[in-house]
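This is data36.txt (compact mmCIF, C-alpha atoms).
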# COMPACT_ATOMS: atom_id res chain seq x y z
CA MET D 1 -6.62 -50.29 -13.98
CA HIS D 2 -4.72 -47.55 -15.76
CA THR D 3 -4.44 -43.99 -14.53
CA SER D 4 -3.39 -41.14 -16.78
CA ARG D 5 0.29 -40.87 -17.43
CA HIS D 6 -0.01 -37.18 -16.49
CA ARG D 7 -2.03 -37.64 -13.30
CA ARG D 8 -0.26 -35.87 -10.46
CA VAL D 9 -0.10 -38.72 -8.04
CA LEU D 10 2.55 -37.92 -5.49
CA VAL D 11 5.22 -40.54 -5.13
CA ALA D 12 8.53 -40.90 -3.42
CA ALA D 13 11.69 -42.91 -3.10
CA ILE D 14 15.21 -42.01 -2.11
CA ALA D 15 18.29 -43.55 -3.57
CA ALA D 16 22.03 -43.60 -3.25
CA THR D 17 23.46 -44.33 -6.65
CA MET D 18 27.13 -43.43 -6.34
CA GLY D 19 29.26 -46.02 -8.04
CA THR D 20 28.52 -49.36 -9.59
CA ALA D 21 30.69 -52.46 -9.63
CA LEU D 22 30.08 -55.80 -11.25
CA LEU D 23 32.00 -58.98 -10.76
CA SER D 24 31.06 -62.38 -12.15
CA TRP D 25 32.59 -65.63 -11.03
CA VAL D 26 32.15 -68.85 -12.95
CA ALA D 27 32.97 -71.78 -10.79
CA THR D 28 32.64 -75.50 -10.55
CA ALA D 29 33.82 -78.49 -8.61
CA THR D 30 32.99 -82.11 -7.92
CA VAL D 31 31.22 -83.11 -4.72
CA ALA D 32 30.82 -86.47 -3.05
CA GLN D 33 29.15 -89.39 -4.78
CA ALA D 34 30.06 -88.05 -8.21
CA ALA D 35 27.46 -85.27 -8.08
CA VAL D 36 28.62 -82.38 -10.21
CA ALA D 37 28.60 -78.93 -8.62
CA GLY D 38 29.04 -75.81 -10.67
CA CYS D 39 27.99 -72.21 -10.32
CA ARG D 40 28.20 -68.72 -11.67
CA VAL D 41 27.99 -66.00 -9.05
CA THR D 42 27.37 -62.39 -10.06
CA TYR D 43 28.01 -59.94 -7.22
CA THR D 44 26.81 -56.45 -8.14
CA ILE D 45 27.26 -53.32 -6.07
CA GLN D 46 24.15 -51.48 -7.19
CA SER D 47 24.81 -48.30 -5.25
CA GLN D 48 27.29 -47.02 -2.71
CA TRP D 49 27.47 -44.05 -0.36
CA GLY D 50 29.55 -43.01 2.61
CA GLY D 51 29.62 -46.02 4.93
CA GLY D 52 26.95 -48.05 3.16
CA PHE D 53 26.06 -49.90 -0.02
CA THR D 54 23.46 -52.14 -1.64
CA SER D 55 24.41 -55.32 -3.50
CA ASN D 56 22.58 -57.89 -5.55
CA VAL D 57 23.90 -61.44 -5.83
CA SER D 58 22.79 -63.97 -8.46
CA ILE D 59 23.72 -67.65 -8.36
CA THR D 60 23.39 -69.72 -11.54
CA ASN D 61 23.51 -73.47 -10.95
CA LEU D 62 25.65 -75.13 -13.63
CA GLY D 63 25.70 -78.54 -11.98
CA ASP D 64 23.18 -81.06 -10.71
CA PRO D 65 19.83 -79.74 -9.42
CA LEU D 66 19.93 -78.31 -5.91
CA THR D 67 17.33 -78.76 -3.19
CA SER D 68 19.01 -76.22 -0.94
CA TRP D 69 21.96 -73.88 -1.21
CA SER D 70 24.40 -71.99 0.95
CA LEU D 71 26.74 -69.35 -0.46
CA ARG D 72 29.86 -68.38 1.43
CA TRP D 73 32.38 -65.59 0.93
CA THR D 74 34.91 -63.58 2.90
CA PHE D 75 34.87 -59.79 2.83
CA PRO D 76 38.40 -58.62 1.98
CA ALA D 77 38.34 -55.29 3.87
CA ALA D 78 37.95 -54.57 7.56
CA GLY D 79 34.58 -53.09 8.43
CA GLN D 80 32.62 -54.66 5.58
CA ALA D 81 29.41 -56.22 6.86
CA VAL D 82 25.91 -57.28 5.85
CA SER D 83 23.27 -55.24 7.71
CA SER D 84 20.04 -56.56 6.19
CA ILE D 85 19.09 -59.05 3.50
CA TRP D 86 16.10 -60.05 1.38
CA ASN D 87 15.21 -63.29 -0.41
CA ALA D 88 17.65 -65.21 1.82
CA SER D 89 18.97 -65.51 5.38
CA TYR D 90 22.52 -64.86 6.53
CA THR D 91 25.04 -65.17 9.31
CA GLN D 92 28.33 -63.33 9.61
CA SER D 93 31.31 -64.17 11.78
CA ALA D 94 34.08 -61.58 11.54
CA SER D 95 34.60 -61.21 7.78
CA GLN D 96 33.03 -64.55 6.78
CA VAL D 97 29.47 -64.42 5.44
CA THR D 98 27.15 -67.37 4.87
CA VAL D 99 23.89 -66.82 2.97
CA SER D 100 21.25 -69.56 2.79
CA ASN D 101 18.01 -70.09 0.92
CA LEU D 102 14.59 -69.48 2.40
CA GLY D 103 11.82 -72.06 2.33
CA TYR D 104 10.57 -71.04 -1.09
CA ASN D 105 13.78 -70.73 -3.12
CA GLY D 106 15.95 -73.70 -2.19
CA ASN D 107 15.27 -75.71 -5.35
CA VAL D 108 17.48 -74.58 -8.23
CA ALA D 109 17.43 -76.61 -11.42
CA THR D 110 20.45 -77.05 -13.67
CA ASN D 111 21.13 -73.77 -15.52
CA ALA D 112 18.53 -71.97 -13.40
CA SER D 113 19.31 -68.97 -11.21
CA VAL D 114 18.35 -67.63 -7.82
CA SER D 115 19.14 -64.18 -6.48
CA PHE D 116 19.06 -62.15 -3.29
CA GLY D 117 19.97 -58.64 -2.26
CA PHE D 118 21.44 -57.04 0.81
CA ASN D 119 22.39 -53.73 2.37
CA GLY D 120 25.87 -53.52 3.79
CA ALA D 121 28.31 -51.31 5.63
CA TRP D 122 31.96 -50.44 5.00
CA THR D 123 34.61 -48.22 6.58
CA THR D 124 37.86 -47.70 4.67
CA SER D 125 37.01 -49.41 1.36
CA ASN D 126 34.41 -51.67 -0.22
CA PRO D 127 36.09 -54.21 -2.55
CA VAL D 128 34.16 -57.16 -3.91
CA PRO D 129 34.89 -60.62 -2.48
CA ALA D 130 37.63 -62.54 -4.25
CA SER D 131 35.89 -65.93 -4.39
CA PHE D 132 32.70 -67.77 -3.54
CA ALA D 133 31.70 -71.26 -2.48
CA VAL D 134 28.32 -72.95 -2.94
CA ASN D 135 27.39 -75.73 -0.53
CA GLY D 136 30.95 -75.86 0.74
CA VAL D 137 32.54 -76.32 -2.69
CA THR D 138 34.84 -73.56 -3.90
CA CYS D 139 33.95 -72.34 -7.36
CA THR D 140 36.96 -72.81 -9.60
CA GLY D 141 36.15 -72.24 -13.26
CA THR D 142 34.42 -74.98 -15.29
CA VAL D 143 32.21 -77.96 -14.70
CA PRO D 144 34.64 -80.86 -14.47
CA THR D 145 34.30 -83.79 -16.78
CA THR D 146 35.93 -87.18 -16.48
CA SER D 147 37.37 -88.99 -19.47
CA PRO D 148 36.20 -92.59 -19.87
CA THR D 149 38.78 -95.38 -19.65
CA PRO D 150 40.10 -96.00 -23.18
CA THR D 151 39.01 -99.26 -24.80
CA ARG D 152 40.48 -101.04 -27.77
CA SER D 153 38.49 -101.63 -30.87
CA PRO D 154 39.77 -104.23 -33.32
CA SER D 155 38.94 -102.07 -36.33
CA PRO D 156 38.42 -98.48 -35.33
CA SER D 157 36.89 -96.47 -38.11
CA PRO D 158 37.00 -92.70 -38.08
CA THR D 159 33.77 -90.80 -37.92
CA PRO D 160 33.29 -87.22 -39.02
CA SER D 161 33.36 -84.59 -36.32
CA PRO D 162 29.93 -83.26 -35.52
CA THR D 163 29.12 -79.72 -36.51
CA PRO D 164 29.39 -77.55 -33.41
CA SER D 165 26.02 -76.32 -32.21
CA THR D 166 25.56 -72.68 -31.39
CA SER D 167 22.85 -70.86 -29.54
CA PRO D 168 20.98 -68.20 -31.48
CA PRO D 169 22.00 -64.63 -30.69
CA PRO D 170 19.71 -62.43 -28.61
CA PRO D 171 16.81 -61.01 -30.59
CA SER D 172 17.46 -57.64 -32.18
CA GLY D 173 15.61 -55.29 -34.45
CA TRP D 174 11.91 -55.70 -35.00
CA ASN D 175 11.06 -59.33 -35.72
CA PRO D 176 7.81 -60.36 -34.06
CA PRO D 177 6.21 -63.73 -34.86
CA ALA D 178 4.05 -63.56 -37.96
CA ASN D 179 0.85 -64.25 -36.01
CA LEU D 180 1.47 -61.18 -33.82
CA VAL D 181 2.19 -58.62 -36.54
CA GLN D 182 -1.44 -57.65 -37.16
CA PRO D 183 -2.53 -57.40 -33.49
CA LEU D 184 0.61 -55.41 -32.65
CA ASN D 185 -0.11 -52.99 -35.47
CA GLU D 186 -3.67 -52.65 -34.17
CA VAL D 187 -2.39 -51.87 -30.68
CA TRP D 188 0.03 -49.20 -31.84
CA SER D 189 -2.59 -47.60 -34.07
CA HIS D 190 -4.89 -47.47 -31.05
CA VAL D 191 -2.15 -45.96 -28.90
CA GLU D 192 -1.42 -43.25 -31.48
CA SER D 193 -5.10 -42.36 -31.73
CA THR D 194 -5.87 -42.30 -27.99
CA TYR D 195 -2.71 -41.00 -26.24
CA SER D 196 -2.95 -37.21 -26.32
CA ASN D 197 0.79 -36.53 -26.18
CA LEU D 198 2.31 -39.88 -27.06
CA TYR D 199 5.61 -38.68 -28.50
CA GLY D 200 5.93 -35.46 -26.50
CA PHE D 201 5.50 -36.99 -23.04
CA ARG D 202 8.89 -37.40 -21.36
CA ASN D 203 8.30 -39.31 -18.16
CA TYR D 204 7.54 -42.87 -19.22
CA GLY D 205 9.37 -45.58 -17.30
CA TRP D 206 11.76 -45.64 -20.27
CA ASP D 207 12.71 -42.00 -19.70
CA GLN D 208 13.26 -42.56 -16.00
CA LEU D 209 15.35 -45.64 -16.64
CA VAL D 210 17.64 -43.88 -19.10
CA ALA D 211 17.92 -40.75 -16.93
CA ASN D 212 18.96 -42.96 -14.01
CA ARG D 213 21.51 -44.79 -16.19
CA GLY D 214 19.90 -48.19 -16.11
CA SER D 215 18.52 -48.53 -12.59
CA ILE D 216 15.27 -47.70 -10.81
CA ASN D 217 14.73 -46.43 -7.26
CA TYR D 218 11.54 -46.91 -5.27
CA CYS D 219 9.81 -45.70 -2.15
CA VAL D 220 7.04 -47.68 -0.48
CA ARG D 221 4.01 -45.65 0.57
CA TRP D 222 2.57 -47.78 3.35
CA ASP D 223 -1.04 -46.58 3.47
CA SER D 224 -2.10 -48.97 6.23
CA SER D 225 -2.12 -49.23 10.01
CA ALA D 226 -0.93 -52.86 9.90
CA PRO D 227 2.54 -53.35 11.40
CA VAL D 228 5.43 -54.34 9.14
CA SER D 229 8.29 -56.50 10.39
CA ALA D 230 11.81 -56.37 8.99
CA THR D 231 11.18 -59.76 7.40
CA GLN D 232 8.02 -58.53 5.68
CA ARG D 233 9.86 -55.44 4.51
CA ASP D 234 12.60 -57.51 2.93
CA GLN D 235 10.05 -59.84 1.33
CA ILE D 236 8.21 -56.88 -0.20
CA HIS D 237 11.48 -55.53 -1.57
CA ALA D 238 12.36 -58.91 -3.08
CA ALA D 239 8.88 -59.34 -4.60
CA LEU D 240 9.08 -55.91 -6.22
CA GLN D 241 12.53 -56.60 -7.63
CA ARG D 242 11.42 -60.01 -8.90
CA SER D 243 8.36 -58.53 -10.61
CA TYR D 244 10.28 -55.70 -12.24
CA LYS D 245 12.91 -58.10 -13.49
CA LYS D 246 10.27 -60.09 -15.38
CA TRP D 247 9.56 -57.06 -17.57
CA MET D 248 13.18 -55.95 -17.95
CA ASP D 249 14.31 -59.45 -18.95
CA VAL D 250 12.00 -59.08 -21.95
CA MET D 251 14.15 -56.22 -23.21
CA ALA D 252 17.66 -57.50 -22.49
CA GLY D 253 19.58 -57.83 -25.76
CA HIS D 254 16.68 -56.59 -27.87
CA ASN D 255 16.81 -53.82 -30.46
CA ALA D 256 19.60 -51.70 -28.94
CA PHE D 257 18.13 -51.77 -25.44
CA PRO D 258 21.24 -50.68 -23.53
CA TYR D 259 20.88 -52.59 -20.26
CA ALA D 260 21.51 -56.28 -19.70
CA ALA D 261 20.02 -55.99 -16.21
CA VAL D 262 18.10 -53.29 -14.37
CA PRO D 263 18.84 -53.05 -10.64
CA VAL D 264 15.82 -52.05 -8.56
CA ARG D 265 16.42 -50.64 -5.12
CA VAL D 266 13.87 -49.79 -2.43
CA VAL D 267 15.39 -47.14 -0.22
CA GLY D 268 12.48 -45.42 1.52
CA TRP D 269 9.24 -46.07 3.36
CA ALA D 270 6.57 -43.47 4.12
CA VAL D 271 4.16 -44.07 7.02
CA ARG D 272 1.76 -42.22 9.26
CA ASP D 273 3.16 -43.65 12.48
CA ARG D 274 6.80 -44.69 12.92
CA ASN D 275 5.73 -47.46 15.29
CA THR D 276 4.07 -49.21 12.35
CA LEU D 277 7.52 -50.18 11.08
CA GLN D 278 8.93 -52.74 13.47
CA TRP D 279 12.63 -52.42 12.77
CA THR D 280 15.34 -50.17 14.09
CA ASP D 281 18.06 -50.51 11.46
CA ASN D 282 18.79 -47.71 9.00
CA SER D 283 18.64 -49.79 5.83
CA VAL D 284 15.91 -47.50 4.43
CA ASP D 285 15.04 -43.87 5.06
CA ILE D 286 11.70 -43.37 6.78
CA TYR D 287 9.26 -40.49 6.24
CA VAL D 288 6.64 -40.00 8.94
CA ASN D 289 3.27 -38.26 8.64
CA ASN D 290 4.01 -36.40 5.41
CA ILE D 291 0.45 -36.77 4.10
CA ARG D 292 -0.49 -36.12 0.47
CA GLU D 293 -3.68 -37.40 -1.17
CA ASN D 294 -4.59 -38.73 2.28
CA ALA D 295 -1.63 -41.10 2.17
CA PRO D 296 1.96 -41.06 3.45
CA GLN D 297 4.55 -39.76 1.01
CA CYS D 298 8.30 -39.34 0.76
CA SER D 299 10.11 -36.05 0.14
CA GLU D 300 8.76 -34.23 -2.92
CA PRO D 301 12.01 -32.35 -3.64
CA CYS D 302 13.64 -35.72 -4.29
CA GLY D 303 10.97 -36.92 -6.73
CA ARG D 304 11.47 -37.49 -10.44
CA PHE D 305 7.76 -36.82 -10.92
CA PHE D 306 8.21 -33.25 -9.67
CA HIS D 307 11.67 -32.68 -11.13
CA GLN D 308 11.73 -34.22 -14.56
CA ASP D 309 14.59 -31.91 -15.48
CA GLY D 310 16.76 -33.84 -13.04
CA ASN D 311 17.25 -30.85 -10.73
CA TYR D 312 17.31 -32.26 -7.21
CA SER D 313 19.11 -29.33 -5.63
CA SER D 314 16.49 -29.08 -2.87
CA CYS D 315 16.59 -32.77 -2.08
CA PRO D 316 18.27 -33.25 1.32
CA GLY D 317 20.71 -35.75 -0.15
CA GLY D 318 20.98 -34.21 -3.60
CA ALA D 319 20.67 -36.18 -6.82
CA ALA D 320 22.05 -39.29 -5.13
CA ARG D 321 18.93 -39.43 -2.94
CA HIS D 322 16.27 -38.94 -5.61
CA TYR D 323 13.47 -41.43 -6.35
CA ASP D 324 11.87 -42.66 -9.59
CA HIS D 325 8.73 -44.69 -8.75
CA SER D 326 6.66 -45.47 -5.70
CA LEU D 327 4.96 -48.66 -4.67
CA TRP D 328 1.77 -47.39 -3.05
CA LEU D 329 0.26 -50.09 -0.84
CA THR D 330 -3.22 -49.18 0.37
CA ALA D 331 -5.32 -51.06 2.91
CA GLY D 332 -8.61 -52.30 1.44
CA PHE D 333 -7.71 -51.26 -2.09
CA GLY D 334 -9.03 -53.56 -4.80
CA GLY D 335 -7.45 -53.87 -8.23
CA GLY D 336 -4.60 -51.53 -9.05
CA ALA D 337 -3.42 -48.34 -10.69
CA GLY D 338 -0.24 -47.47 -12.53
CA GLY D 339 1.47 -44.68 -14.38
CA ASP D 340 4.68 -42.70 -14.62
CA TRP D 341 4.53 -42.16 -10.84
CA GLY D 342 4.66 -45.89 -10.01
CA GLN D 343 2.11 -48.53 -9.03
CA ARG D 344 -0.70 -48.78 -6.48
CA ILE D 345 -2.16 -52.06 -5.22
CA GLY D 346 -3.78 -53.34 -2.05
CA SER D 347 -1.48 -53.79 0.94
CA GLU D 348 -3.23 -57.01 1.94
CA TYR D 349 -2.90 -58.34 -1.61
CA MET D 350 0.81 -57.60 -1.63
CA VAL D 351 1.48 -59.18 1.76
CA ASN D 352 -0.60 -62.27 0.96
CA ASN D 353 1.16 -62.78 -2.38
CA VAL D 354 4.65 -61.63 -1.44
CA ASN D 355 6.20 -65.04 -2.15
CA THR D 356 4.13 -65.69 -5.28
CA ASP D 357 6.21 -65.94 -8.43
CA ASN D 358 3.81 -63.84 -10.51
CA ILE D 359 2.04 -61.04 -8.61
CA HIS D 360 -0.16 -60.39 -11.59
CA ILE D 361 -1.79 -57.09 -10.54
CA LEU D 362 1.64 -55.61 -9.84
CA LEU D 363 2.93 -56.92 -13.18
CA HIS D 364 -0.04 -55.28 -14.94
CA GLU D 365 0.60 -51.92 -13.26
CA ILE D 366 4.34 -51.96 -14.03
CA GLY D 367 3.31 -52.37 -17.67
CA HIS D 368 1.40 -49.09 -17.42
CA THR D 369 4.51 -47.34 -16.10
CA TYR D 370 6.17 -48.24 -19.41
CA GLY D 371 3.27 -46.91 -21.44
CA LEU D 372 1.27 -50.09 -22.08
CA ASP D 373 -2.47 -49.54 -22.30
CA ASP D 374 -5.58 -51.23 -20.90
CA PHE D 375 -7.91 -53.39 -22.99
CA TYR D 376 -11.24 -53.02 -21.25
CA ASP D 377 -13.24 -52.21 -24.38
CA TRP D 378 -11.48 -54.05 -27.18
CA THR D 379 -9.22 -57.02 -27.92
CA PRO D 380 -6.58 -57.19 -30.67
CA THR D 381 -7.15 -59.73 -33.44
CA GLY D 382 -6.41 -63.31 -32.44
CA GLN D 383 -5.54 -62.46 -28.84
CA CYS D 384 -7.46 -63.75 -25.87
CA CYS D 385 -5.56 -63.56 -22.65
CA PHE D 386 -2.55 -61.46 -21.69
CA ILE D 387 -1.37 -59.59 -18.60
CA MET D 388 -2.34 -56.13 -19.89
CA LYS D 389 -5.91 -57.29 -20.42
CA ALA D 390 -6.81 -57.16 -16.75
CA GLY D 391 -8.05 -60.40 -15.27
CA SER D 392 -7.31 -62.55 -18.33
CA ALA D 393 -3.79 -63.80 -17.48
CA THR D 394 -1.52 -64.13 -14.48
CA THR D 395 1.82 -64.13 -16.31
CA ILE D 396 3.51 -61.95 -18.91
CA THR D 397 2.71 -63.54 -22.27
CA GLU D 398 4.46 -63.37 -25.63
CA PHE D 399 1.98 -60.76 -26.75
CA ASP D 400 2.74 -58.63 -23.68
CA LYS D 401 6.47 -58.96 -24.40
CA TRP D 402 6.11 -57.78 -27.98
CA MET D 403 3.88 -54.87 -26.99
CA LEU D 404 6.62 -53.73 -24.61
CA ARG D 405 9.26 -54.11 -27.33
CA ASP D 406 7.05 -52.20 -29.74
CA PHE D 407 6.81 -49.25 -27.35
CA TRP D 408 10.60 -49.23 -27.11
CA ARG D 409 10.88 -49.44 -30.90
CA HIS D 410 8.90 -46.23 -31.29
CA LEU D 411 10.66 -44.29 -28.51
CA LYS D 412 14.29 -45.39 -28.59
CA SER D 413 15.32 -42.74 -31.13
CA ARG D 414 14.83 -40.07 -28.46
CA TYR D 415 17.82 -41.62 -26.66
CA GLY D 416 19.99 -41.63 -29.78
CA LEU D 417 19.57 -45.39 -30.25

The structure in this file should be written as structure tokens.
Amino acid sequence: MHTSRHRRVLVAAIAATMGTALLSWVATATVAQAAVAGCRVTYTIQSQWGGGFTSNVSITNLGDPLTSWSLRWTFPAAGQAVSSIWNASYTQSASQVTVSNLGYNGNVATNASVSFGFNGAWTTSNPVPASFAVNGVTCTGTVPTTSPTPTRSPSPSPTPSPTPSTSPPPPSGWNPPANLVQPLNEVWSHVESTYSNLYGFRNYGWDQLVANRGSINYCVRWDSSAPVSATQRDQIHAALQRSYKKWMDVMAGHNAFPYAAVPVRVVGWAVRDRNTLQWTDNSVDIYVNNIRENAPQCSEPCGRFFHQDGNYSSCPGGAARHYDHSLWLTAGFGGGAGGDWGQRIGSEYMVNNVNTDNIHILLHEIGHTYGLDDFYDWTPTGQCCFIMKAGSATTITEFDKWMLRDFWRHLKSRYGL
């Protein structure tokens, strides 16, 4: 379901976006029984504020397939601590942190990645950890190889060196597969003829992303009386981040898209009754009984939807506490809705599918936030099933990917790209 990009649906999220740090570690070692262990760990401080921060950590397995994993590091500064985590579990003893997989993300194939996020605290400084270890093996640089024992050949004959193989560069420019050119042209022609202010509208997801310098902040509007545990909260955050990443990965490296990764941070929840939220930590800001459209909502002065000029002077925390989208979770709501304000889906649907790899209604609605249309009354030539044709696919298809890239192609000049 697609709602108008101009519909004044009230949304909210608050964010702290002061400072960003990125540190990647490529590491490998050899474990017992000749199994090869290797990893790349990317530790990203997505946002930081006085006494707190949010980080995302990605582990890429460069060695043998894993059936479980445990990542360990030591915080270098006194007072650094993990306060809450999603997509993993953790323990901390003094400065030493151990993060372990959950039941659904322990298997990591060779060259595959797994990620988690956490909120943390700091006092005097917040440096990144100096090193990491996966499954007890310190990451050191490259996957080790062993040279075979030399053997003698009575008549060795030289052989030509093989031509080094190279991976193709990331896609750039506009180069869709030949079979998609016509249907993509049909889609854009339809968009131009049906969107009333296609090129003048300035609050697509693209605009919000660029205005926020490559990250997106959310608030959850919990329009339900069902209680939410801290674990469920963290699972919802992880599912949202995972779903958003599926779309943003489509754009990485393509046609001057300026962001290799798009951090997504959930920093607020809006509810009718504070007792609905069964946690006491301060990892997210909580808005109670601020009712708009018969649903809980976060602070309007902090909202991008209401302040598209970027003026957040009336926001209690200033620009650092503004929000971009909302995830509106409504009890008994069937289907979905999406637009520049965010996405709306059923709360039961979200909770029941929180560990599903492809939450297809949410994926569909995120597509609307970036301008993609519905296809209730027509189908482009040669296309049958894709995520933006509601109910026809459960994953983002090649056609969906190229529609997203096409929207960027037509708008990117407004950002000087």

Between D:Ser196, D:Asn56, D:Ser93, D:Thr67, which has the minimum distance to Asn135 (chain D) (counting all atoms listed in the file)?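 Checking each candidate against Asn135 (chain D), we get D:Thr67 as the closest.
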
Quick one: everything within 12 Å of Gly416 (chain D), counting only C-alpha atoms, minus sequence neighbours fewer than 2 positions away in the same chain. Send it as a list of chain:residue names.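 Residues meeting the cut-off are D:Val210, D:Ala256, D:Phe257, D:Pro258, D:Leu411, D:Lys412, D:Ser413, D:Arg414.
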
Give me the residues within 8 Å of region 107-117 of chain D as a PyMOL selection string, counting all atoms listed in the file and dropping any in the same chain fewer than 5 places off. chain D and resi 54-68+85-88+238

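As for CA of Arg40 (chain D) and CA of Asn119 (chain D), they are spaced 21.3 Å apart.
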
Could you pull the residues within 10 Å of Trp408 (chain D), counting only C-alpha atoms, minus those fewer than 2 positions along the same chain, as a PyMOL selection string? chain D and resi 206+251+254-257+370-371+402-406+410-413

Could you state the separation of CA of Lys245 (chain D) and CA of His364 (chain D) in Å, given to one decimal place?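 The value is 13.3 Å.
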
Pick the closest to Asp273 (chain D) from D:Asp223, D:Asp400, D:Glu192, D:Asp234: which is it, counting all atoms listed in the file?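 Using all atoms listed in the file, Asp273 (chain D) sits closest to D:Asp223.
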
Residue with the minimum atom-to-atom distance to Phe399 (chain D), picked from D:Gln235, D:Asn179, D:Gln343, D:Ser225 with all atoms listed in the file counted, is D:Asn179

Could you work out an axis-aligned box for region 326-344 of chain D, taking every atom the file lists and adding 8 Å on each side, and report centre and edge lengths in Å to one decimal, as JSON?
{"center_x": -1.2, "center_y": -48.0, "center_z": -5.9, "size_x": 31.7, "size_y": 27.7, "size_z": 33.5}

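In this comparison, which uses all atoms listed in the file, the residue of D:Ser243, D:Thr330, D:Pro183, D:Phe305 approaching Cys384 (chain D) most closely is D:Pro183.
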
Residue neighbourhood Asp285 (chain D), 7 Å, all atoms listed in the file, exclusion window fewer than 4 positions, as an MDAnalysis selection string: chainID D and resid 267:269

Separation of CA of Ala337 (chain D) from CA of Ser189 (chain D), in Å and rounded to one decimal: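 It comes out at 23.4 Å.
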
Find the residues around Ser224 (chain D) up to 12 Å (only C-alpha atoms counted), leave out those fewer than 4 positions away in its own chain, and share them as a PDB file with C-alpha atoms, in the frame of the given file.
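Wrote result29.pdb, looks like this:
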ATOM      1  CA  VAL D 220       7.040 -47.680  -0.480  1.00  0.00           C
ATOM      2  CA  VAL D 228       5.430 -54.340   9.140  1.00  0.00           C
ATOM      3  CA  ALA D 270       6.570 -43.470   4.120  1.00  0.00           C
ATOM      4  CA  VAL D 271       4.160 -44.070   7.020  1.00  0.00           C
ATOM      5  CA  ARG D 272       1.760 -42.220   9.260  1.00  0.00           C
ATOM      6  CA  ASP D 273       3.160 -43.650  12.480  1.00  0.00           C
ATOM      7  CA  ARG D 274       6.800 -44.690  12.920  1.00  0.00           C
ATOM      8  CA  THR D 276       4.070 -49.210  12.350  1.00  0.00           C
ATOM      9  CA  LEU D 277       7.520 -50.180  11.080  1.00  0.00           C
ATOM     10  CA  ASN D 294      -4.590 -38.730   2.280  1.00  0.00           C
ATOM     11  CA  ALA D 295      -1.630 -41.100   2.170  1.00  0.00           C
ATOM     12  CA  PRO D 296       1.960 -41.060   3.450  1.00  0.00           C
ATOM     13  CA  TRP D 328       1.770 -47.390  -3.050  1.00  0.00           C
ATOM     14  CA  LEU D 329       0.260 -50.090  -0.840  1.00  0.00           C
ATOM     15  CA  THR D 330      -3.220 -49.180   0.370  1.00  0.00           C
ATOM     16  CA  ALA D 331      -5.320 -51.060   2.910  1.00  0.00           C
ATOM     17  CA  GLY D 332      -8.610 -52.300   1.440  1.00  0.00           C
ATOM     18  CA  PHE D 333      -7.710 -51.260  -2.090  1.00  0.00           C
ATOM     19  CA  ILE D 345      -2.160 -52.060  -5.220  1.00  0.00           C
ATOM     20  CA  GLY D 346      -3.780 -53.340  -2.050  1.00  0.00           C
ATOM     21  CA  SER D 347      -1.480 -53.790   0.940  1.00  0.00           C
ATOM     22  CA  GLU D 348      -3.230 -57.010   1.940  1.00  0.00           C
ATOM     23  CA  VAL D 351       1.480 -59.180   1.760  1.00  0.00           C
TER      24      VAL D 351
END

In terms of the shortest atom-to-atom distance over all atoms listed in the file, which of D:Gly214, D:Thr395, D:Asn355, D:Gly382 is closest to Gly367 (chain D)? D:Thr395

Up to 8 Å from (9.2, -43.7, -18.9) in the file's coordinates: name the residues, counting all atoms listed in the file, as a VMD selection string. chain D and resid 202 to 209 340 369 to 371

Which is closest to Pro176 (chain D) among D:Cys302, D:Lys401, D:Gln48, D:Gln308, if we use only C-alpha atoms?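 Among the listed residues, D:Lys401 lies closest to Pro176 (chain D).
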